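run05.txt, holding compact mmCIF, C-alpha atoms:
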```txt
# COMPACT_ATOMS: atom_id res chain seq x y z
CA MET A 1 0.00 0.00 0.00
CA GLU A 2 0.97 3.62 -0.40
CA LEU A 3 0.29 6.33 2.16
CA ILE A 4 0.54 10.02 1.36
CA LEU A 5 0.57 12.42 4.31
CA TRP A 6 -0.22 15.96 3.10
CA ARG A 7 -0.13 18.79 5.60
CA HIS A 8 -2.62 21.58 4.98
CA ALA A 9 -1.20 24.64 3.25
CA ASP A 10 -0.41 27.99 4.91
CA ALA A 11 -3.34 29.16 7.03
CA GLU A 12 -4.46 32.24 8.94
CA ASP A 13 -2.96 32.76 12.37
CA ALA A 14 -5.00 31.69 15.37
CA VAL A 15 -7.27 34.42 16.72
CA PRO A 16 -8.43 34.39 20.34
CA GLY A 17 -12.12 33.55 20.51
CA LYS A 18 -12.22 32.07 17.00
CA PRO A 19 -12.30 28.26 16.74
CA ASP A 20 -9.02 26.77 15.51
CA ALA A 21 -10.92 24.56 13.08
CA ALA A 22 -12.34 27.65 11.34
CA ARG A 23 -8.93 28.98 10.26
CA ALA A 24 -8.83 29.35 6.47
CA LEU A 25 -5.97 29.25 4.01
CA THR A 26 -4.10 32.45 3.24
CA ALA A 27 -3.55 33.57 -0.36
CA LYS A 28 -0.09 31.96 -0.09
CA GLY A 29 -1.72 28.77 1.18
CA GLU A 30 -4.16 28.67 -1.73
CA LYS A 31 -1.22 28.88 -4.17
CA GLN A 32 0.66 26.17 -2.25
CA ALA A 33 -2.38 23.88 -2.36
CA GLN A 34 -2.86 24.45 -6.10
CA ARG A 35 0.82 23.70 -6.88
CA MET A 36 0.83 20.53 -4.81
CA ALA A 37 -2.54 19.43 -6.18
CA ALA A 38 -1.26 19.85 -9.76
CA TRP A 39 1.79 17.73 -8.93
CA LEU A 40 -0.27 15.08 -7.13
CA GLY A 41 -3.01 15.00 -9.75
CA LYS A 42 -0.54 13.74 -12.36
CA ARG A 43 0.61 10.91 -10.08
CA LEU A 44 -2.48 9.64 -8.28
CA SER A 45 -4.62 6.81 -9.54
CA ARG A 46 -8.36 7.33 -9.77
CA GLU A 47 -8.90 4.76 -6.99
CA VAL A 48 -7.11 6.74 -4.27
CA LEU A 49 -8.93 7.05 -0.93
CA ILE A 50 -8.66 10.62 0.37
CA LEU A 51 -9.24 11.25 4.10
CA VAL A 52 -9.41 14.88 5.18
CA SER A 53 -9.53 16.63 8.54
CA PRO A 54 -12.76 18.54 9.17
CA ALA A 55 -10.75 21.76 9.78
CA ALA A 56 -11.44 24.45 7.16
CA ARG A 57 -7.77 24.77 6.15
CA ALA A 58 -7.47 21.03 5.46
CA GLN A 59 -10.77 20.96 3.54
CA GLN A 60 -9.61 23.87 1.37
CA THR A 61 -6.27 22.17 0.74
CA ALA A 62 -7.99 18.94 -0.33
CA ARG A 63 -10.47 20.77 -2.59
CA ALA A 64 -7.53 21.96 -4.71
CA LEU A 65 -7.29 18.36 -5.98
CA ALA A 66 -10.83 18.52 -7.36
CA ARG A 67 -11.52 14.91 -6.32
CA ARG A 68 -14.04 13.27 -4.03
CA PHE A 69 -12.84 12.90 -0.43
CA GLU A 70 -14.07 11.76 2.96
CA THR A 71 -14.00 14.01 6.01
CA SER A 72 -12.65 12.12 9.04
CA ASP A 73 -12.15 13.13 12.67
CA GLU A 74 -9.55 10.32 12.79
CA VAL A 75 -7.18 12.67 10.93
CA GLY A 76 -8.43 15.93 12.48
CA THR A 77 -6.76 18.49 14.71
CA ALA A 78 -7.11 16.30 17.83
CA ALA A 79 -6.01 13.08 16.11
CA GLU A 80 -3.06 11.01 17.24
CA SER A 81 -0.54 9.35 14.96
CA GLN A 82 -1.95 5.88 15.66
CA SER A 83 -5.47 6.95 14.65
CA VAL A 84 -4.17 8.39 11.37
CA LEU A 85 -2.43 5.12 10.50
CA LYS A 86 -5.45 3.07 11.56
CA ALA A 87 -7.83 5.20 9.46
CA ALA A 88 -5.50 4.74 6.48
CA ARG A 89 -5.25 0.98 7.17
CA TRP A 90 -1.45 1.24 7.28
CA PRO A 91 0.51 -0.95 6.64
CA ASP A 92 -1.76 -3.78 5.48
CA GLY A 93 -4.34 -1.91 3.41
CA GLU A 94 -4.44 -1.92 -0.36
CA GLY A 95 -4.07 0.82 -2.91
CA THR A 96 -3.22 4.40 -2.10
CA VAL A 97 -4.53 6.49 0.79
CA LEU A 98 -4.03 10.26 0.91
CA VAL A 99 -4.44 11.94 4.31
CA VAL A 100 -4.78 15.73 4.50
CA GLY A 101 -4.15 16.76 8.08
CA HIS A 102 -2.05 18.60 10.61
CA GLN A 103 1.29 18.90 12.29
CA PRO A 104 2.57 17.49 14.65
CA THR A 105 0.32 14.48 14.02
CA LEU A 106 1.44 13.86 10.42
CA GLY A 107 5.12 14.02 11.33
CA GLN A 108 4.53 11.62 14.21
CA ALA A 109 2.57 9.30 11.91
CA ALA A 110 5.43 9.30 9.37
CA ALA A 111 7.90 8.42 12.11
CA LEU A 112 5.66 5.67 13.47
CA ALA A 113 5.03 4.22 9.99
CA LEU A 114 8.71 4.16 9.08
CA THR A 115 10.41 3.31 12.38
CA GLY A 116 7.69 1.74 14.52
CA ARG A 117 8.11 4.53 17.08
CA PRO A 118 6.42 7.92 17.31
CA ALA A 119 8.81 10.85 17.07
CA ASP A 120 8.41 14.55 16.39
CA TRP A 121 9.30 14.75 12.71
CA SER A 122 8.47 17.92 10.83
CA VAL A 123 6.12 18.19 7.86
CA ARG A 124 6.16 21.73 6.50
CA LYS A 125 2.97 23.59 5.56
CA GLY A 126 1.63 22.35 2.25
CA ALA A 127 4.23 19.55 2.05
CA LEU A 128 3.71 15.84 1.68
CA TRP A 129 5.42 12.58 2.58
CA TRP A 130 4.70 9.64 0.26
CA LEU A 131 5.35 6.28 1.92
CA GLU A 132 5.12 2.72 0.64
CA SER A 133 4.59 -0.42 2.71
CA ARG A 134 6.72 -3.27 1.43
CA GLY A 135 5.13 -5.91 3.67
CA GLN A 136 6.41 -7.66 6.78
CA GLY A 137 7.16 -4.36 8.53
CA ALA A 138 9.29 -2.93 5.73
CA ALA A 139 8.52 0.56 4.46
CA GLN A 140 10.20 3.12 2.28
CA VAL A 141 9.92 6.81 1.49
CA ARG A 142 8.92 7.39 -2.12
CA ALA A 143 8.95 11.21 -1.94
CA VAL A 144 9.06 14.20 0.37
CA ILE A 145 7.96 17.33 -1.46
CA GLU A 146 7.19 20.86 -0.34
CA PRO A 147 5.34 23.40 -2.45
CA GLY A 148 8.39 25.67 -2.78
CA LEU A 149 10.15 22.95 -4.78
CA LEU A 150 7.42 22.76 -7.42
```

Starting from the file, give its structure as structure tokens.
Amino acid sequence: MELILWRHADAEDAVPGKPDAARALTAKGEKQAQRMAAWLGKRLSREVLILVSPAARAQQTARALARRFETSDEVGTAAESQSVLKAARWPDGEGTVLVVGHQPTLGQAAALALTGRPADWSVRKGALWWLESRGQGAAQVRAVIEPGLL
């Protein structure tokens, strides 16, 4: 199976009294999401399962792909790395799963998927980590891309 962890693009700063989940993408974030979506769109199969945090910034990031997706609390702002991997059916699922979520959870999920231990790895805004399960506990990194490289 393949697992793509895509952190939402650049978003508005937190504002006291405004729910964190309501934070929207900035103009920079919209451009980041469009660049990454164009890159991903050329590489994803039609059968990809896309799981997206309910937070506005993650929803906007995912919409840049112009594909059907599922909203899932299991990859939301309060999610833990184990819940992200479980929702994606890592490592024993089939096909490709794309998760659009948040830091530090996505970095921790990447570490857990690749090393078997959670660690605080960084996933930059708008960036993605593309992992592949090779079976029997073996995994590899297929790509790590950030929007500034596209």

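Distances to Gln34 in chain A were evaluated for A:Gly148, A:Leu114, A:Glu47, A:Val84 using all atoms listed in the file, and the minimum falls at A:Gly148.
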
With a distance cut-off of 12 Å and all atoms listed in the file, select the neighbouring residues of Leu3 in chain A, excluding the residue or stretch itself and same-chain residues fewer than 5 positions from it, and output the selection as a PDB file with C-alpha atoms, keeping the file's coordinate frame.
```pdb
ATOM      1  CA  LEU A  44      -2.480   9.640  -8.280  1.00  0.00           C
ATOM      2  CA  VAL A  48      -7.110   6.740  -4.270  1.00  0.00           C
ATOM      3  CA  LEU A  49      -8.930   7.050  -0.930  1.00  0.00           C
ATOM      4  CA  ILE A  50      -8.660  10.620   0.370  1.00  0.00           C
ATOM      5  CA  LEU A  51      -9.240  11.250   4.100  1.00  0.00           C
ATOM      6  CA  VAL A  84      -4.170   8.390  11.370  1.00  0.00           C
ATOM      7  CA  LEU A  85      -2.430   5.120  10.500  1.00  0.00           C
ATOM      8  CA  LYS A  86      -5.450   3.070  11.560  1.00  0.00           C
ATOM      9  CA  ALA A  87      -7.830   5.200   9.460  1.00  0.00           C
ATOM     10  CA  ALA A  88      -5.500   4.740   6.480  1.00  0.00           C
ATOM     11  CA  ARG A  89      -5.250   0.980   7.170  1.00  0.00           C
ATOM     12  CA  TRP A  90      -1.450   1.240   7.280  1.00  0.00           C
ATOM     13  CA  PRO A  91       0.510  -0.950   6.640  1.00  0.00           C
ATOM     14  CA  ASP A  92      -1.760  -3.780   5.480  1.00  0.00           C
ATOM     15  CA  GLY A  93      -4.340  -1.910   3.410  1.00  0.00           C
ATOM     16  CA  GLU A  94      -4.440  -1.920  -0.360  1.00  0.00           C
ATOM     17  CA  GLY A  95      -4.070   0.820  -2.910  1.00  0.00           C
ATOM     18  CA  THR A  96      -3.220   4.400  -2.100  1.00  0.00           C
ATOM     19  CA  VAL A  97      -4.530   6.490   0.790  1.00  0.00           C
ATOM     20  CA  LEU A  98      -4.030  10.260   0.910  1.00  0.00           C
ATOM     21  CA  VAL A  99      -4.440  11.940   4.310  1.00  0.00           C
ATOM     22  CA  VAL A 100      -4.780  15.730   4.500  1.00  0.00           C
ATOM     23  CA  LEU A 106       1.440  13.860  10.420  1.00  0.00           C
ATOM     24  CA  ALA A 109       2.570   9.300  11.910  1.00  0.00           C
ATOM     25  CA  ALA A 110       5.430   9.300   9.370  1.00  0.00           C
ATOM     26  CA  ALA A 113       5.030   4.220   9.990  1.00  0.00           C
ATOM     27  CA  LEU A 114       8.710   4.160   9.080  1.00  0.00           C
ATOM     28  CA  LEU A 128       3.710  15.840   1.680  1.00  0.00           C
ATOM     29  CA  TRP A 129       5.420  12.580   2.580  1.00  0.00           C
ATOM     30  CA  TRP A 130       4.700   9.640   0.260  1.00  0.00           C
ATOM     31  CA  LEU A 131       5.350   6.280   1.920  1.00  0.00           C
ATOM     32  CA  GLU A 132       5.120   2.720   0.640  1.00  0.00           C
ATOM     33  CA  SER A 133       4.590  -0.420   2.710  1.00  0.00           C
ATOM     34  CA  ARG A 134       6.720  -3.270   1.430  1.00  0.00           C
ATOM     35  CA  ALA A 139       8.520   0.560   4.460  1.00  0.00           C
ATOM     36  CA  GLN A 140      10.200   3.120   2.280  1.00  0.00           C
ATOM     37  CA  VAL A 141       9.920   6.810   1.490  1.00  0.00           C
ATOM     38  CA  ARG A 142       8.920   7.390  -2.120  1.00  0.00           C
ATOM     39  CA  ALA A 143       8.950  11.210  -1.940  1.00  0.00           C
ATOM     40  CA  VAL A 144       9.060  14.200   0.370  1.00  0.00           C
TER      41      VAL A 144
END
```

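Omitting range 20-22 of chain A and its sequence neighbours fewer than 4 positions away, and counting all atoms listed in the file, the residues within 7 Å are Ala14, Ala55 and Ala56 of chain A.
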
Please produce a file of the residues just selected, as a PDB file, in the frame of the given file, where the atoms kept are C-alpha atoms.
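So part08.pdb came out as:
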```
ATOM      1  CA  ALA A  14      -5.000  31.690  15.370  1.00  0.00           C
ATOM      2  CA  ALA A  55     -10.750  21.760   9.780  1.00  0.00           C
ATOM      3  CA  ALA A  56     -11.440  24.450   7.160  1.00  0.00           C
TER       4      ALA A  56
END
```

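All residues of protein, DNA or RNA that reach within 8 Å of Ala11 in chain A, judged by only C-alpha atoms and not counting those fewer than 3 positions away in the chain, are A:His8, A:Arg23, A:Ala24, A:Leu25, A:Thr26, A:Gly29, A:Arg57.
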
Shell around Thr61 in chain A at 6 Å using all atoms listed in the file, local window under 3 positions removed, as a PyMOL selection string: chain A and resi 8+33+58+64

For the atom pair CA of Pro118 in chain A and CA of Thr71 in chain A, what is the interatomic distance in Å to one decimal place? 24.1 Å

Restricting to all atoms listed in the file, whichever of A:Lys18, A:Arg46, A:Arg35, A:His102 is closest to Lys125 in chain A is A:His102

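Remark: for Ala79 in chain A, the closest of the candidate residues A:Arg67, A:Ala62, A:Gln108, A:Trp6 is A:Gln108 (distances computed over only C-alpha atoms).
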
CA of Lys28 in chain A and CA of Ser81 in chain A are how many Å apart?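 Distance between the two atoms: 27.2 Å.
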
Which residue gives the smallest distance to Arg7 in chain A among A:Gly137, A:Gly116, A:Gln60, A:Glu74, with only C-alpha atoms counted? A:Gln60

Would you pick out the contacts of Ser72 in chain A at 8 Å or less, using all atoms listed in the file, so that residues sharing its chain but fewer than 2 positions from it are not included, and give the list as a PyMOL selection string? chain A and resi 51-54+70+74-76

Which of A:Glu80, A:Ala37, A:Lys42, A:Val15 sits closest to Ala66 in chain A [using all atoms listed in the file]: A:Ala37

Generate the coordinates of N, CA and C atoms for range 48-81 of chain A; report them as a tab-separated table (two decimals), in the coordinates of the input.
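Contents of rebuild-v2.tsv, as written:
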```tsv
chain	number	residue	atom	x	y	z
A	48	VAL	N	-7.68	6.29	-5.55
A	48	VAL	CA	-7.11	6.74	-4.27
A	48	VAL	C	-8.23	7.08	-3.27
A	49	LEU	N	-8.03	6.67	-2.02
A	49	LEU	CA	-8.93	7.05	-0.93
A	49	LEU	C	-8.34	8.30	-0.29
A	50	ILE	N	-9.14	9.36	-0.19
A	50	ILE	CA	-8.66	10.62	0.37
A	50	ILE	C	-9.42	10.89	1.67
A	51	LEU	N	-8.68	10.96	2.78
A	51	LEU	CA	-9.24	11.25	4.10
A	51	LEU	C	-8.78	12.64	4.52
A	52	VAL	N	-9.72	13.49	4.91
A	52	VAL	CA	-9.41	14.88	5.18
A	52	VAL	C	-9.94	15.30	6.54
A	53	SER	N	-9.11	16.04	7.27
A	53	SER	CA	-9.53	16.63	8.54
A	53	SER	C	-10.73	17.54	8.31
A	54	PRO	N	-11.62	17.63	9.31
A	54	PRO	CA	-12.76	18.54	9.17
A	54	PRO	C	-12.38	20.03	9.25
A	55	ALA	N	-11.16	20.35	9.66
A	55	ALA	CA	-10.75	21.76	9.78
A	55	ALA	C	-10.80	22.45	8.42
A	56	ALA	N	-11.25	23.70	8.41
A	56	ALA	CA	-11.44	24.45	7.16
A	56	ALA	C	-10.17	24.47	6.31
A	57	ARG	N	-9.01	24.67	6.91
A	57	ARG	CA	-7.77	24.77	6.15
A	57	ARG	C	-7.41	23.46	5.45
A	58	ALA	N	-7.72	22.33	6.08
A	58	ALA	CA	-7.47	21.03	5.46
A	58	ALA	C	-8.48	20.77	4.34
A	59	GLN	N	-9.74	21.13	4.56
A	59	GLN	CA	-10.77	20.96	3.54
A	59	GLN	C	-10.42	21.79	2.30
A	60	GLN	N	-9.98	23.03	2.49
A	60	GLN	CA	-9.61	23.87	1.37
A	60	GLN	C	-8.41	23.30	0.62
A	61	THR	N	-7.45	22.78	1.36
A	61	THR	CA	-6.27	22.17	0.74
A	61	THR	C	-6.70	21.00	-0.12
A	62	ALA	N	-7.53	20.13	0.41
A	62	ALA	CA	-7.99	18.94	-0.33
A	62	ALA	C	-8.82	19.32	-1.56
A	63	ARG	N	-9.62	20.36	-1.45
A	63	ARG	CA	-10.47	20.77	-2.59
A	63	ARG	C	-9.64	21.18	-3.80
A	64	ALA	N	-8.39	21.59	-3.58
A	64	ALA	CA	-7.53	21.96	-4.71
A	64	ALA	C	-7.31	20.78	-5.65
A	65	LEU	N	-7.44	19.55	-5.14
A	65	LEU	CA	-7.29	18.36	-5.98
A	65	LEU	C	-8.47	18.12	-6.90
A	66	ALA	N	-9.60	18.70	-6.57
A	66	ALA	CA	-10.83	18.52	-7.36
A	66	ALA	C	-11.21	17.04	-7.50
A	67	ARG	N	-11.12	16.32	-6.37
A	67	ARG	CA	-11.52	14.91	-6.32
A	67	ARG	C	-12.41	14.70	-5.10
A	68	ARG	N	-13.18	13.64	-5.16
A	68	ARG	CA	-14.04	13.27	-4.03
A	68	ARG	C	-13.17	12.86	-2.85
A	69	PHE	N	-13.56	13.30	-1.64
A	69	PHE	CA	-12.84	12.90	-0.43
A	69	PHE	C	-13.80	12.69	0.71
A	70	GLU	N	-13.29	12.01	1.75
A	70	GLU	CA	-14.07	11.76	2.96
A	70	GLU	C	-13.51	12.63	4.08
A	71	THR	N	-14.40	13.26	4.83
A	71	THR	CA	-14.00	14.01	6.01
A	71	THR	C	-13.95	13.04	7.19
A	72	SER	N	-12.85	13.08	7.96
A	72	SER	CA	-12.65	12.12	9.04
A	72	SER	C	-12.03	12.78	10.27
A	73	ASP	N	-12.71	12.66	11.40
A	73	ASP	CA	-12.15	13.13	12.67
A	73	ASP	C	-10.88	12.36	13.03
A	74	GLU	N	-10.73	11.16	12.49
A	74	GLU	CA	-9.55	10.32	12.79
A	74	GLU	C	-8.27	10.95	12.29
A	75	VAL	N	-8.36	11.97	11.42
A	75	VAL	CA	-7.18	12.67	10.93
A	75	VAL	C	-7.27	14.17	11.23
A	76	GLY	N	-8.17	14.53	12.15
A	76	GLY	CA	-8.43	15.93	12.48
A	76	GLY	C	-7.39	16.54	13.41
A	77	THR	N	-7.71	17.73	13.88
A	77	THR	CA	-6.76	18.49	14.71
A	77	THR	C	-6.43	17.80	16.03
A	78	ALA	N	-7.35	16.99	16.55
A	78	ALA	CA	-7.11	16.30	17.83
A	78	ALA	C	-6.64	14.86	17.64
A	79	ALA	N	-6.40	14.46	16.40
A	79	ALA	CA	-6.01	13.08	16.11
A	79	ALA	C	-4.61	12.76	16.63
A	80	GLU	N	-4.39	11.49	16.87
A	80	GLU	CA	-3.06	11.01	17.24
A	80	GLU	C	-2.50	10.21	16.08
A	81	SER	N	-1.20	10.04	16.07
A	81	SER	CA	-0.54	9.35	14.96
A	81	SER	C	-1.12	7.96	14.72
```
